[in-house]
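Source file: data33.txt. Holds: compact mmCIF, C-alpha atoms.
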```txt
# COMPACT_ATOMS: atom_id res chain seq x y z
CA MET Z 1 8.46 -107.37 -83.76
CA SER Z 2 9.13 -107.79 -80.07
CA SER Z 3 7.80 -105.26 -77.60
CA ALA Z 4 11.37 -104.34 -76.59
CA ARG Z 5 12.39 -103.59 -80.16
CA ALA Z 6 9.14 -101.67 -80.69
CA SER Z 7 9.84 -99.55 -77.63
CA LEU Z 8 13.34 -98.78 -78.88
CA LEU Z 9 11.94 -97.76 -82.27
CA VAL Z 10 9.37 -95.47 -80.68
CA ALA Z 11 12.04 -93.90 -78.50
CA PHE Z 12 14.31 -93.40 -81.52
CA LEU Z 13 11.54 -91.79 -83.57
CA ALA Z 14 10.54 -89.57 -80.67
CA ALA Z 15 14.12 -88.48 -80.17
CA SER Z 16 14.51 -87.79 -83.89
CA PHE Z 17 11.32 -85.72 -83.96
CA SER Z 18 12.42 -83.78 -80.88
CA LEU Z 19 15.81 -83.09 -82.49
CA VAL Z 20 14.23 -81.82 -85.71
CA ARG Z 21 11.65 -79.65 -84.02
CA SER Z 22 14.29 -78.18 -81.70
CA HIS Z 23 16.12 -76.66 -84.66
CA GLY Z 24 14.60 -73.51 -86.05
CA SER Z 25 14.73 -70.03 -87.52
CA VAL Z 26 13.32 -66.52 -87.20
CA ASP Z 27 9.52 -66.48 -87.33
CA TYR Z 28 8.78 -62.75 -87.64
CA PHE Z 29 10.29 -59.30 -87.39
CA GLU Z 30 8.66 -56.04 -86.29
CA ALA Z 31 9.86 -52.43 -86.53
CA ASN Z 32 8.14 -49.04 -86.35
CA GLY Z 33 4.81 -50.78 -85.77
CA GLN Z 34 5.00 -52.92 -88.92
CA SER Z 35 5.42 -56.70 -88.80
CA TRP Z 36 6.72 -59.20 -91.39
CA GLY Z 37 6.80 -62.97 -91.42
CA ALA Z 38 10.12 -64.64 -92.13
CA PRO Z 39 10.60 -67.15 -94.98
CA TYR Z 40 10.93 -70.82 -94.15
CA PRO Z 41 14.38 -72.27 -94.83
CA GLY Z 42 14.89 -73.02 -98.51
CA ALA Z 43 11.77 -71.07 -99.52
CA GLY Z 44 13.58 -68.72 -101.89
CA SER Z 45 13.88 -64.95 -101.73
CA ASP Z 46 10.44 -64.06 -103.13
CA TRP Z 47 8.92 -63.45 -99.70
CA ASP Z 48 7.61 -59.97 -98.91
CA SER Z 49 9.96 -59.69 -95.95
CA PRO Z 50 13.19 -57.96 -94.88
CA VAL Z 51 14.48 -61.24 -93.37
CA ARG Z 52 16.97 -63.06 -95.55
CA VAL Z 53 16.20 -66.71 -96.22
CA ILE Z 54 18.48 -69.48 -94.92
CA SER Z 55 18.86 -72.96 -96.40
CA THR Z 56 18.33 -75.24 -93.40
CA LEU Z 57 16.98 -75.43 -89.85
CA GLU Z 58 20.26 -76.89 -88.63
CA PRO Z 59 22.33 -74.73 -86.31
CA THR Z 60 25.83 -73.56 -87.10
CA THR Z 61 28.42 -75.28 -84.91
CA ASP Z 62 31.56 -74.05 -86.69
CA MET Z 63 32.21 -70.53 -85.39
CA TYR Z 64 34.97 -70.11 -88.00
CA GLY Z 65 32.82 -71.05 -91.00
CA PRO Z 66 30.93 -68.75 -93.39
CA ALA Z 67 27.49 -69.71 -92.02
CA ILE Z 68 28.26 -67.91 -88.75
CA LYS Z 69 27.70 -64.59 -90.54
CA CYS Z 70 23.99 -64.71 -91.45
CA GLY Z 71 23.06 -68.38 -91.16
CA PRO Z 72 23.42 -71.38 -93.49
CA GLY Z 73 23.12 -70.45 -97.16
CA ALA Z 74 22.03 -66.87 -96.45
CA GLY Z 75 23.45 -65.07 -99.47
CA ALA Z 76 20.43 -63.85 -101.42
CA PRO Z 77 19.00 -60.42 -100.53
CA ALA Z 78 15.45 -60.06 -99.25
CA LYS Z 79 12.77 -58.05 -101.09
CA VAL Z 80 12.14 -55.48 -98.34
CA VAL Z 81 14.24 -52.93 -96.45
CA ALA Z 82 12.43 -52.16 -93.19
CA GLU Z 83 12.39 -48.60 -91.81
CA VAL Z 84 13.70 -48.39 -88.23
CA THR Z 85 13.93 -45.29 -86.04
CA ALA Z 86 17.12 -44.96 -83.99
CA GLY Z 87 16.36 -45.22 -80.28
CA SER Z 88 13.38 -47.55 -80.82
CA ASP Z 89 12.94 -51.27 -80.20
CA VAL Z 90 12.70 -53.93 -82.87
CA LEU Z 91 11.02 -57.26 -82.11
CA PHE Z 92 11.99 -60.78 -83.14
CA GLY Z 93 10.16 -64.07 -82.85
CA TRP Z 94 11.67 -67.55 -83.33
CA ARG Z 95 10.09 -70.90 -84.21
CA SER Z 96 11.11 -74.55 -84.22
CA GLY Z 97 10.59 -76.62 -87.34
CA GLU Z 98 8.71 -75.41 -90.38
CA GLU Z 99 5.19 -75.47 -88.92
CA ALA Z 100 5.48 -72.48 -86.58
CA ILE Z 101 6.10 -74.70 -83.57
CA PRO Z 102 7.23 -72.59 -80.60
CA TRP Z 103 10.95 -72.37 -79.93
CA VAL Z 104 12.07 -75.08 -77.51
CA HIS Z 105 15.56 -74.09 -76.33
CA GLN Z 106 15.87 -71.97 -73.21
CA LEU Z 107 19.53 -71.61 -72.25
CA GLY Z 108 21.93 -69.04 -73.64
CA PRO Z 109 22.04 -65.38 -74.74
CA VAL Z 110 20.16 -63.57 -77.50
CA MET Z 111 22.46 -61.20 -79.41
CA LEU Z 112 21.92 -58.43 -81.98
CA PHE Z 113 24.74 -57.19 -84.21
CA ALA Z 114 24.62 -54.42 -86.83
CA TYR Z 115 26.62 -54.02 -90.04
CA LYS Z 116 26.49 -50.62 -91.78
CA CYS Z 117 26.11 -51.13 -95.51
CA PRO Z 118 28.01 -48.89 -97.96
CA GLY Z 119 24.82 -48.51 -100.03
CA ASP Z 120 21.39 -50.13 -100.29
CA ALA Z 121 20.84 -52.99 -97.84
CA LYS Z 122 19.62 -55.20 -100.70
CA ASP Z 123 23.11 -55.03 -102.21
CA CYS Z 124 24.90 -55.59 -98.91
CA GLN Z 125 27.25 -58.59 -98.90
CA PRO Z 126 29.90 -58.22 -96.16
CA ALA Z 127 33.13 -60.06 -96.86
CA ASP Z 128 34.31 -62.70 -94.41
CA ASP Z 129 37.21 -60.50 -93.30
CA ASP Z 130 35.23 -57.24 -93.16
CA LYS Z 131 35.47 -55.86 -89.63
CA GLY Z 132 32.21 -53.97 -89.64
CA TRP Z 133 29.91 -55.81 -87.19
CA ALA Z 134 29.06 -54.17 -83.85
CA LEU Z 135 27.17 -55.70 -80.93
CA ILE Z 136 24.24 -53.33 -80.25
CA ASP Z 137 22.05 -55.42 -77.92
CA ALA Z 138 22.51 -58.51 -75.76
CA ALA Z 139 20.01 -60.28 -73.48
CA GLY Z 140 21.10 -62.90 -70.97
CA PHE Z 141 19.36 -63.73 -67.72
CA ASP Z 142 15.83 -62.38 -67.56
CA GLU Z 143 15.14 -59.67 -64.98
CA ARG Z 144 11.43 -60.44 -65.30
CA SER Z 145 12.03 -63.88 -63.76
CA GLY Z 146 14.27 -62.57 -61.00
CA PHE Z 147 17.26 -63.62 -63.17
CA GLN Z 148 16.38 -67.29 -62.72
CA SER Z 149 15.78 -67.98 -66.42
CA TRP Z 150 17.17 -66.69 -69.71
CA VAL Z 151 15.41 -64.18 -71.96
CA GLN Z 152 15.66 -66.83 -74.70
CA SER Z 153 12.95 -68.85 -72.92
CA ARG Z 154 10.36 -66.17 -73.81
CA PHE Z 155 10.40 -67.57 -77.34
CA ASN Z 156 8.91 -70.80 -75.91
CA THR Z 157 5.51 -69.08 -75.75
CA ARG Z 158 5.97 -67.32 -79.12
CA GLU Z 159 6.55 -64.01 -77.38
CA LYS Z 160 8.06 -61.13 -79.31
CA VAL Z 161 11.37 -60.26 -77.69
CA PRO Z 162 12.61 -56.66 -78.06
CA ALA Z 163 16.08 -55.44 -78.94
CA LYS Z 164 17.17 -51.80 -78.78
CA ILE Z 165 18.45 -49.85 -81.78
CA PRO Z 166 20.78 -47.30 -80.11
CA ALA Z 167 19.85 -43.64 -80.48
CA GLY Z 168 23.44 -42.83 -81.46
CA LEU Z 169 23.64 -45.42 -84.24
CA PRO Z 170 24.59 -43.63 -87.48
CA SER Z 171 21.71 -43.36 -89.93
CA GLY Z 172 21.86 -45.54 -93.03
CA ASP Z 173 21.19 -49.05 -94.35
CA TYR Z 174 22.14 -52.05 -92.20
CA LEU Z 175 22.09 -55.78 -91.84
CA LEU Z 176 20.84 -56.74 -88.38
CA ARG Z 177 22.36 -60.05 -87.33
CA HIS Z 178 20.01 -61.60 -84.78
CA GLU Z 179 21.32 -64.69 -83.04
CA ILE Z 180 20.46 -67.22 -80.39
CA VAL Z 181 23.52 -68.86 -78.84
CA ALA Z 182 22.13 -72.13 -77.44
CA LEU Z 183 24.27 -73.44 -74.61
CA HIS Z 184 22.39 -76.59 -73.54
CA VAL Z 185 25.25 -78.80 -74.80
CA ALA Z 186 28.03 -76.21 -74.62
CA THR Z 187 30.22 -78.11 -72.14
CA SER Z 188 29.99 -81.39 -74.05
CA ARG Z 189 29.62 -80.61 -77.78
CA GLY Z 190 29.98 -76.83 -77.86
CA PRO Z 191 27.53 -73.99 -78.57
CA GLU Z 192 24.86 -74.00 -81.27
CA PHE Z 193 24.47 -70.77 -83.24
CA TYR Z 194 21.09 -69.88 -84.74
CA THR Z 195 21.72 -66.81 -86.87
CA SER Z 196 19.60 -64.63 -89.15
CA CYS Z 197 20.13 -61.33 -91.04
CA THR Z 198 17.46 -58.67 -91.61
CA GLN Z 199 17.69 -55.64 -93.92
CA VAL Z 200 16.83 -52.29 -92.33
CA ARG Z 201 17.18 -48.55 -92.94
CA VAL Z 202 17.93 -46.59 -89.75
CA THR Z 203 16.69 -43.00 -89.61
CA GLY Z 204 17.03 -40.28 -86.97
CA GLY Z 205 20.40 -41.49 -85.70
CA ALA Z 206 23.85 -39.97 -85.73
CA SER Z 207 25.33 -38.55 -88.93
CA ALA Z 208 25.09 -40.97 -91.85
CA ASN Z 209 28.69 -40.03 -92.73
CA LEU Z 210 29.97 -41.83 -89.63
CA SER Z 211 31.13 -45.43 -89.66
CA LEU Z 212 30.32 -47.63 -86.68
CA ALA Z 213 33.93 -47.37 -85.56
CA ASP Z 214 33.78 -43.56 -85.79
CA ALA Z 215 30.64 -43.65 -83.63
CA GLY Z 216 32.51 -45.52 -80.89
CA ALA Z 217 31.79 -49.19 -81.67
CA GLU Z 218 34.20 -52.08 -81.35
CA VAL Z 219 33.82 -53.83 -84.69
CA VAL Z 220 34.59 -57.43 -85.67
CA SER Z 221 34.26 -59.68 -88.69
CA PHE Z 222 32.16 -62.83 -89.07
CA PRO Z 223 33.73 -65.28 -89.10
CA GLY Z 224 36.24 -64.01 -86.56
CA GLY Z 225 33.95 -62.34 -84.04
CA TYR Z 226 33.92 -65.43 -81.82
CA THR Z 227 36.87 -67.49 -80.64
CA LYS Z 228 37.14 -70.67 -78.63
CA ASP Z 229 38.74 -68.88 -75.69
CA MET Z 230 35.54 -66.91 -74.95
CA PRO Z 231 34.03 -68.36 -71.75
CA GLY Z 232 30.54 -67.15 -72.64
CA LEU Z 233 30.39 -69.77 -75.40
CA PHE Z 234 31.16 -72.71 -73.13
CA ALA Z 235 29.46 -71.70 -69.88
CA ASN Z 236 28.00 -74.34 -67.57
CA VAL Z 237 24.39 -73.18 -67.76
CA PHE Z 238 23.21 -75.97 -65.44
CA GLY Z 239 25.20 -74.84 -62.46
CA GLU Z 240 27.79 -72.10 -62.35
CA ALA Z 241 26.48 -69.51 -64.81
CA ASN Z 242 24.43 -66.63 -63.38
CA LYS Z 243 23.71 -62.99 -64.12
CA ASP Z 244 26.78 -61.84 -62.18
CA ASN Z 245 29.45 -64.03 -63.77
CA TYR Z 246 28.17 -64.67 -67.28
CA LYS Z 247 30.21 -62.83 -69.94
CA PHE Z 248 28.67 -62.26 -73.36
CA PRO Z 249 30.85 -63.51 -76.24
CA GLY Z 250 32.08 -61.19 -78.95
CA PRO Z 251 33.00 -57.50 -78.84
CA ALA Z 252 31.98 -55.00 -76.18
CA LEU Z 253 28.42 -53.73 -76.30
CA PHE Z 254 28.17 -50.57 -78.41
CA THR Z 255 28.02 -47.37 -76.37
CA PRO Z 256 27.49 -44.53 -78.85
CA SER Z 257 29.91 -41.63 -78.61
CA ALA Z 258 28.19 -39.66 -81.39
CA VAL Z 259 25.23 -37.34 -80.85
CA PRO Z 260 22.13 -38.00 -82.98
CA SER Z 261 21.84 -35.53 -85.83
CA THR Z 262 18.83 -33.43 -84.85
CA PRO Z 263 18.04 -30.15 -86.60
CA SER Z 264 19.61 -27.29 -84.72
CA THR Z 265 17.64 -24.16 -83.88
CA PRO Z 266 19.53 -21.08 -85.08
CA GLU Z 267 20.28 -18.53 -82.42
CA PRO Z 268 18.58 -15.17 -82.89
CA GLN Z 269 20.87 -12.72 -84.59
CA GLN Z 270 21.04 -9.01 -83.93
CA SER Z 271 20.14 -6.75 -86.80
CA PRO Z 272 23.33 -5.67 -88.51
CA SER Z 273 24.37 -2.05 -88.11
CA PRO Z 274 23.82 0.03 -91.23
CA SER Z 275 26.92 0.12 -93.37
CA ASN Z 276 26.59 3.89 -93.84
CA PRO Z 277 24.95 5.27 -90.72
CA PRO Z 278 23.38 8.72 -91.11
CA PRO Z 279 25.57 11.51 -89.76
CA SER Z 280 24.59 12.90 -86.41
CA SER Z 281 22.93 16.31 -86.34
CA PRO Z 282 25.52 19.04 -85.72
CA GLU Z 283 25.23 20.97 -82.51
CA PRO Z 284 24.14 24.62 -82.98
CA SER Z 285 27.17 26.86 -83.30
CA ALA Z 286 27.63 30.39 -81.99
CA PRO Z 287 26.99 33.18 -84.50
CA PRO Z 288 30.09 34.09 -86.46
CA PRO Z 289 31.98 37.12 -85.07
CA LYS Z 290 31.61 40.40 -86.86
CA SER Z 291 34.39 41.06 -89.31
CA CYS Z 292 37.17 43.54 -88.45
CA LYS Z 293 36.31 45.51 -91.60
CA LYS Z 294 32.82 46.24 -90.33
CA ARG Z 295 34.18 47.35 -86.92
CA ARG Z 296 36.65 49.79 -88.54
CA SER Z 297 33.94 51.32 -90.77
CA SER Z 298 31.68 51.87 -87.78
CA LYS Z 299 34.49 53.63 -85.82
CA ARG Z 300 35.35 55.96 -88.73
CA ALA Z 301 31.71 57.00 -89.17
CA LYS Z 302 31.50 57.81 -85.45
CA GLN Z 303 34.64 59.98 -85.62
CA GLN Z 304 33.30 61.92 -88.61
CA HIS Z 305 30.00 62.51 -86.78
CA ASN Z 306 31.83 63.95 -83.71
CA ALA Z 307 33.95 66.23 -85.88
CA ARG Z 308 30.91 67.76 -87.53
CA ARG Z 309 29.33 68.43 -84.11
CA GLN Z 310 32.49 70.28 -82.92
CA THR Z 311 32.52 72.47 -86.07
CA ALA Z 312 28.90 73.43 -85.57
CA ARG Z 313 29.61 74.51 -81.97
CA ARG Z 314 32.48 76.77 -83.02
CA ALA Z 315 30.23 78.51 -85.51
CA LEU Z 316 27.84 79.42 -82.72
```

Take the structure in this file and express it as structure tokens.
Amino acid sequence: MSSARASLLVAFLAASFSLVRSHGSVDYFEANGQSWGAPYPGAGSDWDSPVRVISTLEPTTDMYGPAIKCGPGAGAPAKVVAEVTAGSDVLFGWRSGEEAIPWVHQLGPVMLFAYKCPGDAKDCQPADDDKGWALIDAAGFDERSGFQSWVQSRFNTREKVPAKIPAGLPSGDYLLRHEIVALHVATSRGPEFYTSCTQVRVTGGASANLSLADAGAEVVSFPGGYTKDMPGLFANVFGEANKDNYKFPGPALFTPSAVPSTPSTPEPQQSPSPSNPPPSSPEPSAPPPKSCKKRRSSKRAKQQHNARRQTARRAL
């Protein structure tokens, strides 16, 4: 084999290895201080994890296909439903390849969507046309770098990247759709979507009776949440895109209109008035007047006494 052909073969193998290792999946998930590893693609659903397994490391490039919902082949439920407190952060890590190689892409947003399940998250299977997904967190250019790099690049060092669960999110079971939208070839071949779904149970939020739409969210379906006329999916990340002009794809970021359901403190109540209050003491009354009969008897006795005195005087 000539040295030229050998060099071409080495370059081809290196490029192939780089392509494979650049594709990846969720590495771990953390909530309420507890952390779980995520299953490798094709590993089956027997992992002790709330992260649903996908079938391949390959990204989704068809935004109108079924894989855009939770990733390629992600239909089987996971074994665990993770407890999450509304208002807290959850943490995600991503890897490249199947050997926990650090994530290699750097350009494009990191998005978190939520779907409120009608029952247990393990039984949750949103239909393709179900408009129930709300965007609850989105990270673009990284403030920590002076907005010179994307938050996505933190995964390059296997850093755990936080996402906020809104305090006003209704309590209940959810699928969290965590996604990296890689834009390194967006202007030539289009965006690459790396998507994963995690089963959680949100506590301490708004009333569990509320839907996401009732709580103020703009909800979309997947597929359907992204369209080709969204500039954030085809941004020129090597020149024009910056923190001031980049527009996240999908619906508006959820701003809760509902108040979290916290126990209310009852107001002190006044003691009720007795239903039959005791009668008030009567004021002392004047002595009853002497009867007329008694006055007439007294006058007659006085007249008889005077008459007897006059008779006695005449006798003298």

Check your understanding: Taking only C-alpha atoms into account, which of Z:Cys197, Z:Val90, Z:Ala78, Z:Met111 comes nearest Gly44 of chain Z?
Key ->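 Smallest separation from Gly44 of chain Z among the options: Z:Ala78.
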
Exercise for review: Find the residue from Z:Leu176, Z:Val161, Z:Ala127, Z:Met63 that sits nearest to Pro191 of chain Z; use all atoms listed in the file when measuring.
Suggested key: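 The closest residue to Pro191 of chain Z is Z:Met63.
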
Exercise for review: Go through Z:Ser49, Z:Gly216, Z:Gly224, Z:Phe147 one by one, measure the shortest atom-to-atom distance of each to Ala241 of chain Z using only C-alpha atoms, and give the residue with the smallest value.
Suggested key: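 Among the listed residues, the smallest separation from Ala241 of chain Z belongs to Z:Phe147.
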
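Nearest to Asp214 of chain Z of all the residues Z:Lys116, Z:Arg52, Z:Lys79, Z:Lys243 is Z:Lys116, counting all atoms listed in the file.
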
Neighbouring residues of Asn32 of chain Z were defined as those with any atom within 8 Å, considering only C-alpha atoms; residues of the same chain fewer than 5 positions away were excluded. Please report them as a PDB file with C-alpha atoms, in the coordinates of the input.
```pdb
ATOM      1  CA  GLU Z  83      12.390 -48.600 -91.810  1.00  0.00           C
ATOM      2  CA  VAL Z  84      13.700 -48.390 -88.230  1.00  0.00           C
ATOM      3  CA  THR Z  85      13.930 -45.290 -86.040  1.00  0.00           C
ATOM      4  CA  SER Z  88      13.380 -47.550 -80.820  1.00  0.00           C
ATOM      5  CA  VAL Z  90      12.700 -53.930 -82.870  1.00  0.00           C
TER       6      VAL Z  90
END
```

Exercise for review: Please identify all polymer residues within 12 Å of Ser257 of chain Z, counting only C-alpha atoms, omitting same-chain residues fewer than 3 positions from it, and present them as a VMD selection string.
Suggested key: chain Z and resid 166 to 170 205 to 207 210 to 218 254 260
